>>> print(open('start_19.tsv').read())   # TSV, C-alpha atoms
chain	number	residue	atom	x	y	z
N	31	LEU	CA	2.17	12.22	-0.52
N	32	ASP	CA	-0.31	9.74	-2.00
N	33	LEU	CA	-1.89	11.25	-5.08
N	34	ASP	CA	-5.51	11.42	-6.27
N	35	MET	CA	-4.60	10.57	-9.86
N	36	ALA	CA	-8.20	10.67	-11.12
N	37	ALA	CA	-8.46	14.35	-10.19
N	38	LEU	CA	-5.06	15.13	-11.72
N	39	LEU	CA	-6.05	13.29	-14.90
N	40	ARG	CA	-9.18	15.42	-15.28
N	41	ARG	CA	-7.05	18.54	-14.90
N	42	ALA	CA	-4.57	17.31	-17.52
N	43	VAL	CA	-7.36	16.54	-19.99
N	44	ARG	CA	-8.71	20.08	-19.59
N	45	SER	CA	-5.28	21.68	-20.01
N	46	ASP	CA	-1.95	19.86	-20.40
N	47	ILE	CA	0.54	17.84	-18.34
N	48	ASP	CA	2.72	20.78	-17.29
N	49	THR	CA	-0.26	22.84	-16.13
N	50	ALA	CA	-1.82	19.89	-14.29
N	51	CYS	CA	1.42	19.10	-12.46
N	52	ARG	CA	2.48	22.69	-11.73
N	53	PHE	CA	1.28	22.96	-8.14
N	54	VAL	CA	2.57	19.56	-7.06
N	55	SER	CA	5.91	20.07	-8.79
N	56	SER	CA	6.44	23.52	-7.29
N	57	ALA	CA	5.89	22.15	-3.78
N	58	GLY	CA	8.91	19.86	-4.11
N	59	ILE	CA	7.02	16.94	-2.59
N	60	ARG	CA	7.99	13.33	-3.33
N	61	LEU	CA	4.93	11.40	-4.44
N	62	GLY	CA	4.23	7.88	-3.22
N	63	GLU	CA	1.36	5.76	-4.50
N	64	PHE	CA	-1.60	6.59	-6.70
N	65	GLU	CA	-4.61	4.38	-7.44
N	66	LEU	CA	-4.93	3.59	-11.13
N	67	PRO	CA	-8.29	4.84	-12.48
N	68	ILE	CA	-9.23	1.54	-14.13
N	69	THR	CA	-11.44	-1.47	-13.37
N	70	LEU	CA	-9.79	-4.76	-14.26
N	71	ASN	CA	-13.00	-6.77	-14.60
N	72	ALA	CA	-14.83	-4.16	-16.68
N	73	PRO	CA	-16.32	-5.11	-20.08
N	74	GLU	CA	-13.69	-5.22	-22.83
N	75	THR	CA	-14.79	-2.00	-24.57
N	76	ASP	CA	-14.75	-0.09	-21.28
N	77	PHE	CA	-11.36	-1.53	-20.34
N	78	GLN	CA	-9.79	-0.60	-23.67
N	79	ALA	CA	-11.13	2.96	-23.40
N	80	ALA	CA	-9.68	3.26	-19.90
N	81	LEU	CA	-6.40	1.75	-21.06
N	82	LYS	CA	-6.01	4.50	-23.66
N	83	GLN	CA	-6.34	7.11	-20.92
N	84	LEU	CA	-3.71	5.33	-18.84
N	85	ASP	CA	-1.00	6.46	-21.24
N	86	LEU	CA	-1.66	10.03	-20.06
N	87	VAL	CA	-1.68	8.79	-16.45
N	88	ALA	CA	1.73	7.18	-17.01
N	89	GLN	CA	3.08	10.44	-18.44
N	90	LEU	CA	1.77	12.33	-15.40
N	91	ALA	CA	3.33	9.79	-13.04
N	92	LYS	CA	6.69	10.04	-14.80
N	93	SER	CA	6.55	13.84	-14.79
N	94	LEU	CA	5.96	13.83	-11.02
N	95	ASN	CA	8.43	11.02	-10.28
N	96	ALA	CA	5.66	9.09	-8.53
N	97	GLY	CA	6.56	5.96	-6.58
N	98	CYS	CA	4.13	3.46	-8.08
N	99	GLY	CA	0.69	2.93	-9.52
N	100	ARG	CA	-1.59	0.90	-7.26
N	101	ILE	CA	-4.25	-1.57	-8.42
N	102	THR	CA	-6.49	-2.91	-5.66
N	103	ILE	CA	-7.76	-6.34	-6.62
N	104	ALA	CA	-11.54	-6.66	-6.18
N	105	PRO	CA	-12.16	-9.73	-3.97
N	106	SER	CA	-15.16	-11.00	-5.95
N	107	SER	CA	-16.08	-12.23	-9.42
N	108	GLU	CA	-19.42	-11.60	-11.12
N	109	GLY	CA	-20.58	-13.72	-14.04
N	110	VAL	CA	-17.29	-15.58	-14.49
N	111	THR	CA	-15.46	-18.36	-12.67
N	112	TYR	CA	-12.45	-17.80	-10.46
N	113	GLN	CA	-10.14	-19.23	-13.13
N	114	GLU	CA	-11.62	-17.06	-15.89
N	115	ASN	CA	-11.30	-13.94	-13.75
N	116	PHE	CA	-7.73	-14.84	-12.78
N	117	GLU	CA	-6.71	-15.15	-16.45
N	118	LEU	CA	-8.47	-11.88	-17.26
N	119	HIS	CA	-6.52	-10.14	-14.48
N	120	ARG	CA	-3.24	-11.70	-15.58
N	121	THR	CA	-3.50	-10.47	-19.18
N	122	ARG	CA	-4.85	-7.03	-18.33
N	123	ILE	CA	-2.28	-6.36	-15.61
N	124	ALA	CA	0.48	-7.36	-18.03
N	125	ALA	CA	-0.88	-4.91	-20.61
N	126	ILE	CA	-0.97	-2.10	-18.03
N	127	ALA	CA	2.55	-2.96	-16.86
N	128	ASP	CA	3.85	-2.81	-20.46
N	129	LEU	CA	2.40	0.68	-20.79
N	130	PHE	CA	3.77	2.00	-17.49
N	131	GLY	CA	7.08	0.18	-17.93
N	132	GLY	CA	7.81	2.42	-20.89
N	133	HIS	CA	7.72	5.35	-18.46
N	134	GLY	CA	9.67	3.63	-15.68
N	135	VAL	CA	6.71	3.51	-13.26
N	136	PRO	CA	6.16	0.23	-11.34
N	137	ILE	CA	2.72	-1.26	-10.69
N	138	GLY	CA	1.79	-2.55	-7.23
N	139	LEU	CA	-1.08	-5.01	-6.70
N	140	ALA	CA	-2.95	-4.49	-3.44
N	141	LEU	CA	-5.08	-6.89	-1.42
N	142	ALA	CA	-8.65	-6.24	-0.22
N	143	ALA	CA	-9.09	-8.85	2.50
N	144	SER	CA	-11.89	-7.43	4.69
N	145	PRO	CA	-14.60	-10.11	5.13
N	146	ALA	CA	-17.42	-7.57	4.58
N	147	LEU	CA	-16.26	-7.02	0.99
N	148	ARG	CA	-17.21	-10.62	0.10
N	149	GLU	CA	-20.53	-10.91	1.92
N	150	ALA	CA	-22.67	-10.35	-1.19
N	151	ALA	CA	-20.18	-11.77	-3.69
N	152	GLU	CA	-21.47	-14.12	-6.35
N	153	GLN	CA	-18.03	-15.71	-6.52
N	154	PRO	CA	-15.16	-14.88	-4.12
N	155	PHE	CA	-11.93	-13.86	-5.82
N	156	ILE	CA	-8.44	-13.02	-4.58
N	157	HIS	CA	-8.63	-12.08	-0.88
N	158	THR	CA	-5.71	-13.91	0.75
N	159	SER	CA	-2.04	-12.99	0.81
N	160	GLU	CA	-1.18	-16.35	-0.76
N	161	ASP	CA	-3.52	-15.70	-3.70
N	162	LEU	CA	-2.05	-12.23	-4.21
N	163	VAL	CA	1.49	-13.64	-4.32
N	164	THR	CA	0.31	-16.24	-6.84
N	165	LEU	CA	-1.17	-13.52	-9.06
N	166	VAL	CA	2.03	-11.44	-8.99
N	167	ARG	CA	4.17	-14.46	-9.80
N	168	THR	CA	1.82	-15.62	-12.57
N	169	VAL	CA	1.81	-12.19	-14.21
N	170	GLY	CA	5.60	-12.46	-14.07
N	171	HIS	CA	6.24	-8.91	-15.26
N	172	PRO	CA	9.35	-7.05	-14.04
N	173	GLN	CA	7.27	-3.91	-13.47
N	174	VAL	CA	4.67	-5.66	-11.28
N	175	GLY	CA	5.03	-6.20	-7.54
N	176	ILE	CA	3.03	-6.01	-4.34
N	177	ALA	CA	1.73	-2.77	-2.87
N	178	LEU	CA	1.92	-4.14	0.66
N	179	ASP	CA	-0.67	-3.19	3.25
N	180	THR	CA	0.35	-4.86	6.52
N	181	TRP	CA	-3.24	-4.89	7.83
N	182	GLN	CA	-4.65	-6.48	4.69
N	183	TRP	CA	-1.74	-8.94	4.54
N	184	PHE	CA	-2.45	-10.32	8.01
N	185	VAL	CA	-6.25	-10.23	7.64
N	186	GLY	CA	-5.67	-12.22	4.45
N	187	GLY	CA	-3.85	-14.95	6.36
N	188	GLY	CA	-0.29	-13.72	5.79
N	189	THR	CA	2.49	-13.76	8.38
N	190	LEU	CA	5.86	-12.12	8.85
N	191	GLU	CA	7.52	-15.37	7.83
N	192	SER	CA	5.52	-15.69	4.60
N	193	LEU	CA	6.33	-12.08	3.75
N	194	GLN	CA	10.04	-12.67	4.30
N	195	THR	CA	9.99	-15.48	1.73
N	196	PHE	CA	8.73	-13.06	-0.94
N	197	PRO	CA	11.52	-11.06	-2.65
N	198	ALA	CA	11.77	-7.61	-1.07
N	199	ALA	CA	12.64	-6.21	-4.49
N	200	ASN	CA	9.12	-7.11	-5.62
N	201	ILE	CA	7.45	-5.04	-2.92
N	202	VAL	CA	7.00	-1.60	-4.43
N	203	ALA	CA	5.16	0.25	-1.65
N	204	VAL	CA	4.19	-0.25	2.00
N	205	ARG	CA	1.25	0.93	4.07
N	206	CYS	CA	1.46	0.18	7.79
N	207	ALA	CA	-1.48	-0.42	10.09
N	208	ASP	CA	-1.82	-2.78	13.04
N	209	ILE	CA	-4.54	-5.00	14.49
N	210	ALA	CA	-5.48	-4.93	18.17
N	211	ALA	CA	-4.71	-8.19	19.96
N	212	ASP	CA	-8.33	-8.88	20.93
N	213	VAL	CA	-9.89	-8.45	17.46
N	214	ASP	CA	-11.76	-11.31	15.75
N	215	LEU	CA	-10.25	-11.57	12.26
N	216	SER	CA	-13.38	-13.26	10.89
N	217	THR	CA	-15.42	-10.09	11.46
N	218	ILE	CA	-12.72	-7.40	11.36
N	219	ALA	CA	-13.60	-4.14	9.60
N	220	ALA	CA	-11.58	-1.28	8.09
N	221	GLY	CA	-12.43	0.95	11.06
N	222	GLN	CA	-10.26	-1.33	13.21
N	223	ARG	CA	-7.02	-0.32	11.56
N	224	ILE	CA	-4.78	1.10	14.30
N	225	LEU	CA	-1.35	2.70	14.43
N	226	PRO	CA	1.50	0.19	14.68
N	227	ASP	CA	1.86	-0.75	18.34
N	228	THR	CA	4.03	-3.16	20.28
N	229	SER	CA	0.89	-4.74	21.77
N	230	GLY	CA	-0.76	-5.39	18.39
N	231	LEU	CA	-0.84	-8.55	16.28
N	232	ILE	CA	1.49	-7.24	13.56
N	233	ASP	CA	5.20	-6.63	14.06
N	234	CYS	CA	5.35	-3.68	11.66
N	235	HIS	CA	8.82	-2.75	12.90
N	236	ALA	CA	10.18	-6.16	11.88
N	237	ILE	CA	8.51	-5.86	8.47
N	238	VAL	CA	9.92	-2.40	7.78
N	239	GLN	CA	13.39	-3.33	9.01
N	240	HIS	CA	13.39	-6.47	6.83
N	241	LEU	CA	12.54	-4.40	3.77
N	242	LEU	CA	15.05	-1.63	4.54
N	243	GLN	CA	17.80	-4.19	5.08
N	244	ASN	CA	16.97	-5.56	1.63
N	245	ASP	CA	17.25	-2.15	-0.06
N	246	PHE	CA	13.55	-1.27	-0.21
N	247	GLN	CA	13.22	2.05	-2.06
N	248	GLY	CA	9.46	2.53	-2.29
N	249	PRO	CA	7.09	4.80	-0.38
N	250	LEU	CA	6.23	4.01	3.25
N	251	THR	CA	2.93	5.30	4.63
N	252	LEU	CA	1.09	5.04	7.93
N	253	ALA	CA	-2.48	3.97	7.18
N	254	PRO	CA	-4.63	3.67	10.32
N	255	SER	CA	-8.35	4.38	10.33
N	256	PRO	CA	-9.10	8.10	10.86
N	257	THR	CA	-10.98	7.05	14.01
N	258	THR	CA	-7.56	6.40	15.58
N	259	PHE	CA	-7.20	10.16	15.99
N	260	GLY	CA	-10.76	10.86	17.10
N	261	GLY	CA	-10.98	13.96	19.28
N	262	GLN	CA	-7.30	14.86	18.83
N	263	SER	CA	-5.99	18.10	17.42
N	264	ARG	CA	-4.19	17.97	14.08
N	265	GLU	CA	-0.91	18.89	15.77
N	266	LEU	CA	-1.18	16.04	18.28
N	267	ALA	CA	-2.14	13.55	15.58
N	268	VAL	CA	0.90	14.53	13.50
N	269	LYS	CA	3.22	14.20	16.50
N	270	GLN	CA	1.80	10.79	17.36
N	271	ALA	CA	2.13	9.59	13.77
N	272	ARG	CA	5.66	10.91	13.47
N	273	THR	CA	6.69	9.15	16.69
N	274	VAL	CA	5.39	5.85	15.32
N	275	LEU	CA	7.00	6.37	11.92
N	276	GLU	CA	10.39	7.21	13.43
N	277	ALA	CA	10.22	4.05	15.56
N	278	LEU	CA	9.43	1.93	12.48
N	279	ILE	CA	12.29	3.32	10.41
N	280	ASN	CA	15.02	3.32	13.06
N	281	PRO	CA	16.61	0.05	14.22
N	282	ILE	CA	16.19	-0.69	17.92
N	283	ALA	CA	19.59	-0.50	19.60
N	284	PRO	CA	20.45	-3.40	21.94
N	285	VAL	CA	20.18	-2.55	25.64
N	286	ASN	CA	22.46	-4.22	28.21
N	287	ASP	CA	21.13	-5.42	31.55
N	288	ALA	CA	22.58	-2.52	33.54
N	289	GLU	CA	21.05	0.08	31.24
N	290	GLU	CA	17.75	-1.76	31.15
N	291	SER	CA	17.45	-1.87	34.91
N	292	SER	CA	18.20	1.84	35.31
N	293	ALA	CA	16.20	3.18	32.39
N	294	ASP	CA	12.67	4.35	33.04
N	295	ASP	CA	11.76	5.33	29.50
N	296	SER	CA	10.95	2.88	26.73
N	297	ILE	CA	12.36	3.45	23.25
N	298	GLU	CA	8.97	4.76	22.15
N	299	GLU	CA	8.95	7.28	25.02
N	300	VAL	CA	12.43	8.52	24.11
N	301	VAL	CA	11.40	9.04	20.50
N	302	ALA	CA	8.24	10.83	21.62
N	303	THR	CA	10.31	13.15	23.82
N	304	ASP	CA	12.58	14.00	20.91
N	305	VAL	CA	9.60	14.84	18.72
N	306	VAL	CA	8.12	17.15	21.37
N	307	ARG	CA	11.46	18.93	21.69
N	308	GLU	CA	11.59	19.47	17.95
>>> encode(input="start_19.tsv", output="structure tokens")
Amino acid sequence: LDLDMAALLRRAVRSDIDTACRFVSSAGIRLGEFELPITLNAPETDFQAALKQLDLVAQLAKSLNAGCGRITIAPSSEGVTYQENFELHRTRIAAIADLFGGHGVPIGLALAASPALREAAEQPFIHTSEDLVTLVRTVGHPQVGIALDTWQWFVGGGTLESLQTFPAANIVAVRCADIAADVDLSTIAAGQRILPDTSGLIDCHAIVQHLLQNDFQGPLTLAPSPTTFGGQSRELAVKQARTVLEALINPIAPVNDAEESSADDSIEEVVATDVVRE
């Protein structure tokens, strides 16, 4: 479960940590990512005030055994140069990581690569996978890694090969969404996030298998646009999502020629059948 930390923080401020966490804790649910309620390029006084509140956020995250705190990097700079904004991000991310490191909670930096987000930007900032990797490496903090979104990674110019060169241990969370083969990446929008599919541009199965083979321990989430399930019942949407998730997690067994010629069902169809039976 991805957590709305801002709402939980308000509850903790009104009461206490145990009361705020009671309902989530009693459900026995493992928490994945949560967006940190802080703006990295805010004025210094505002940032310092938000940083003080983050200590309570870190305590909440530790209490709930949350997977990682997520910071989505804004892809534009206002009033400062790219270099000035980069240095500001480097120092502030390091300060946040020091705080959360004391509670054993990793920080994942996330990319926002959609072209529309930069249309009115005074100065473009980090919006490519290469730039995000550079930021993580420049921060150089053991608690800081990438909160990988496969859709954003590929929209930002990344590839499977470039991802495989980045240490899997430094990827702290994964969100999977695919891109249809006929989409123009120069005008792509968030509504065009689809479920991982063998006909799409992104080999999400290869990405997930690479990470699992390298001992990835973070949360894994399907993250298509809600329009993917337009008109479907909740039950059908859950079954469809589970089928896709099972296919991503499980290695594809090799099929010999004899079996291939006699089999009518694809691997995806077999998994779907198993889900329906369950």
>>> closest_residue(input="start_19.tsv", among="N:Ser106, N:Ser93, N:Gln182, N:Gln153", to="Ile232 (chain N)", atoms="only C-alpha atoms")
N:Gln182
>>> residues_near_point(input="start_19.tsv", point="(1.0, -4.8, 20.5)", cutoff="12 Å", atoms="only C-alpha atoms", output="mmCIF file with C-alpha atoms, in the frame of the given file")
data_model
loop_
_atom_site.group_PDB
_atom_site.id
_atom_site.type_symbol
_atom_site.label_atom_id
_atom_site.label_comp_id
_atom_site.auth_asym_id
_atom_site.auth_seq_id
_atom_site.Cartn_x
_atom_site.Cartn_y
_atom_site.Cartn_z
ATOM 1 C CA ALA N 207 -1.480 -0.420 10.090
ATOM 2 C CA ASP N 208 -1.820 -2.780 13.040
ATOM 3 C CA ILE N 209 -4.540 -5.000 14.490
ATOM 4 C CA ALA N 210 -5.480 -4.930 18.170
ATOM 5 C CA ALA N 211 -4.710 -8.190 19.960
ATOM 6 C CA ASP N 212 -8.330 -8.880 20.930
ATOM 7 C CA VAL N 213 -9.890 -8.450 17.460
ATOM 8 C CA ILE N 224 -4.780 1.100 14.300
ATOM 9 C CA LEU N 225 -1.350 2.700 14.430
ATOM 10 C CA PRO N 226 1.500 0.190 14.680
ATOM 11 C CA ASP N 227 1.860 -0.750 18.340
ATOM 12 C CA THR N 228 4.030 -3.160 20.280
ATOM 13 C CA SER N 229 0.890 -4.740 21.770
ATOM 14 C CA GLY N 230 -0.760 -5.390 18.390
ATOM 15 C CA LEU N 231 -0.840 -8.550 16.280
ATOM 16 C CA ILE N 232 1.490 -7.240 13.560
ATOM 17 C CA ASP N 233 5.200 -6.630 14.060
ATOM 18 C CA CYS N 234 5.350 -3.680 11.660
ATOM 19 C CA HIS N 235 8.820 -2.750 12.900
#
>>> residues_around(input="start_19.tsv", residues="Ile176 (chain N)", least_positions_apart="2", cutoff="9 Å", atoms="all atoms listed in the file", output="list in words")
Arg100, Ile137, Gly138, Leu139, Ala140, Leu141, Leu162, Val163, Val166, Val174, Leu178, Asp179, Asn200, Ile201, Val202, Ala203 and Val204 of chain N
>>> write_last_selection(input="start_19.tsv", atoms="C-alpha atoms", output="PDB file, in the coordinates of the input")
ATOM      1  CA  ARG N 100      -1.590   0.900  -7.260  1.00  0.00           C
ATOM      2  CA  ILE N 137       2.720  -1.260 -10.690  1.00  0.00           C
ATOM      3  CA  GLY N 138       1.790  -2.550  -7.230  1.00  0.00           C
ATOM      4  CA  LEU N 139      -1.080  -5.010  -6.700  1.00  0.00           C
ATOM      5  CA  ALA N 140      -2.950  -4.490  -3.440  1.00  0.00           C
ATOM      6  CA  LEU N 141      -5.080  -6.890  -1.420  1.00  0.00           C
ATOM      7  CA  LEU N 162      -2.050 -12.230  -4.210  1.00  0.00           C
ATOM      8  CA  VAL N 163       1.490 -13.640  -4.320  1.00  0.00           C
ATOM      9  CA  VAL N 166       2.030 -11.440  -8.990  1.00  0.00           C
ATOM     10  CA  VAL N 174       4.670  -5.660 -11.280  1.00  0.00           C
ATOM     11  CA  LEU N 178       1.920  -4.140   0.660  1.00  0.00           C
ATOM     12  CA  ASP N 179      -0.670  -3.190   3.250  1.00  0.00           C
ATOM     13  CA  ASN N 200       9.120  -7.110  -5.620  1.00  0.00           C
ATOM     14  CA  ILE N 201       7.450  -5.040  -2.920  1.00  0.00           C
ATOM     15  CA  VAL N 202       7.000  -1.600  -4.430  1.00  0.00           C
ATOM     16  CA  ALA N 203       5.160   0.250  -1.650  1.00  0.00           C
ATOM     17  CA  VAL N 204       4.190  -0.250   2.000  1.00  0.00           C
TER      18      VAL N 204
END
>>> atom_distance(input="start_19.tsv", atom1="CA of Gly248 (chain N)", atom2="CA of His157 (chain N)")
23.3 Å
>>> closest_atom_pairs(input="start_19.tsv", of="region 111-206 of chain N", to="region 67-72 of chain N", cutoff="10 Å", atoms="only C-alpha atoms", output="JSON lines")
{"residue": "N:Asn115", "atom": "CA", "partner": "N:Asn71", "partner_atom": "CA", "distance": 7.4}
{"residue": "N:Phe116", "atom": "CA", "partner": "N:Asn71", "partner_atom": "CA", "distance": 9.8}
{"residue": "N:Leu118", "atom": "CA", "partner": "N:Asn71", "partner_atom": "CA", "distance": 7.3}
{"residue": "N:His119", "atom": "CA", "partner": "N:Leu70", "partner_atom": "CA", "distance": 6.3}
{"residue": "N:Arg120", "atom": "CA", "partner": "N:Leu70", "partner_atom": "CA", "distance": 9.6}
{"residue": "N:Thr121", "atom": "CA", "partner": "N:Leu70", "partner_atom": "CA", "distance": 9.8}
{"residue": "N:Arg122", "atom": "CA", "partner": "N:Leu70", "partner_atom": "CA", "distance": 6.8}
{"residue": "N:Ile123", "atom": "CA", "partner": "N:Leu70", "partner_atom": "CA", "distance": 7.8}
{"residue": "N:Ile126", "atom": "CA", "partner": "N:Ile68", "partner_atom": "CA", "distance": 9.8}
>>> atom_distance(input="start_19.tsv", atom1="CA of Val110 (chain N)", atom2="CA of His171 (chain N)")
24.5 Å
>>> atom_distance(input="start_19.tsv", atom1="CA of Asp161 (chain N)", atom2="CA of Ile218 (chain N)")
19.5 Å
>>> closest_residue(input="start_19.tsv", among="N:Arg41, N:Gln83, N:Gln78, N:Leu33", to="Arg60 (chain N)", atoms="only C-alpha atoms")
N:Leu33
>>> residues_around(input="start_19.tsv", residues="Ser255 (chain N)", least_positions_apart="2", cutoff="8 Å", atoms="all atoms listed in the file", output="PyMOL selection string")
chain N and resi 220-224+253+257-258
>>> closest_residue(input="start_19.tsv", among="N:Ala91, N:Leu275, N:Ala151, N:Ala125", to="Gly62 (chain N)", atoms="only C-alpha atoms")
N:Ala91
>>> residues_around(input="start_19.tsv", residues="Leu129 (chain N)", least_positions_apart="5", cutoff="9 Å", atoms="all atoms listed in the file", output="list of chain:residue names")
N:Leu81, N:Leu84, N:Asp85, N:Ala88, N:Ala124
>>> write_last_selection(input="start_19.tsv", atoms="C-alpha atoms", output="compact mmCIF listing (two decimals), in the coordinates of the input")
# COMPACT_ATOMS: atom_id res chain seq x y z
CA LEU N 81 -6.40 1.75 -21.06
CA LEU N 84 -3.71 5.33 -18.84
CA ASP N 85 -1.00 6.46 -21.24
CA ALA N 88 1.73 7.18 -17.01
CA ALA N 124 0.48 -7.36 -18.03
>>> closest_residue(input="start_19.tsv", among="N:Ala57, N:Leu94, N:Ala236, N:Cys206", to="Val274 (chain N)", atoms="all atoms listed in the file")
N:Cys206
>>> axis_aligned_box(input="start_19.tsv", around="region 71-87 of chain N", padding_each_side="6 Å", output="lines of an AutoDock Vina configuration file")
center_x = -8.7
center_y = 1.6
center_z = -19.6
size_x = 27.3
size_y = 28.8
size_z = 22.0
>>> closest_residue(input="start_19.tsv", among="N:Gly261, N:Pro256, N:Pro73, N:Pro172", to="Ala127 (chain N)", atoms="all atoms listed in the file")
N:Pro172
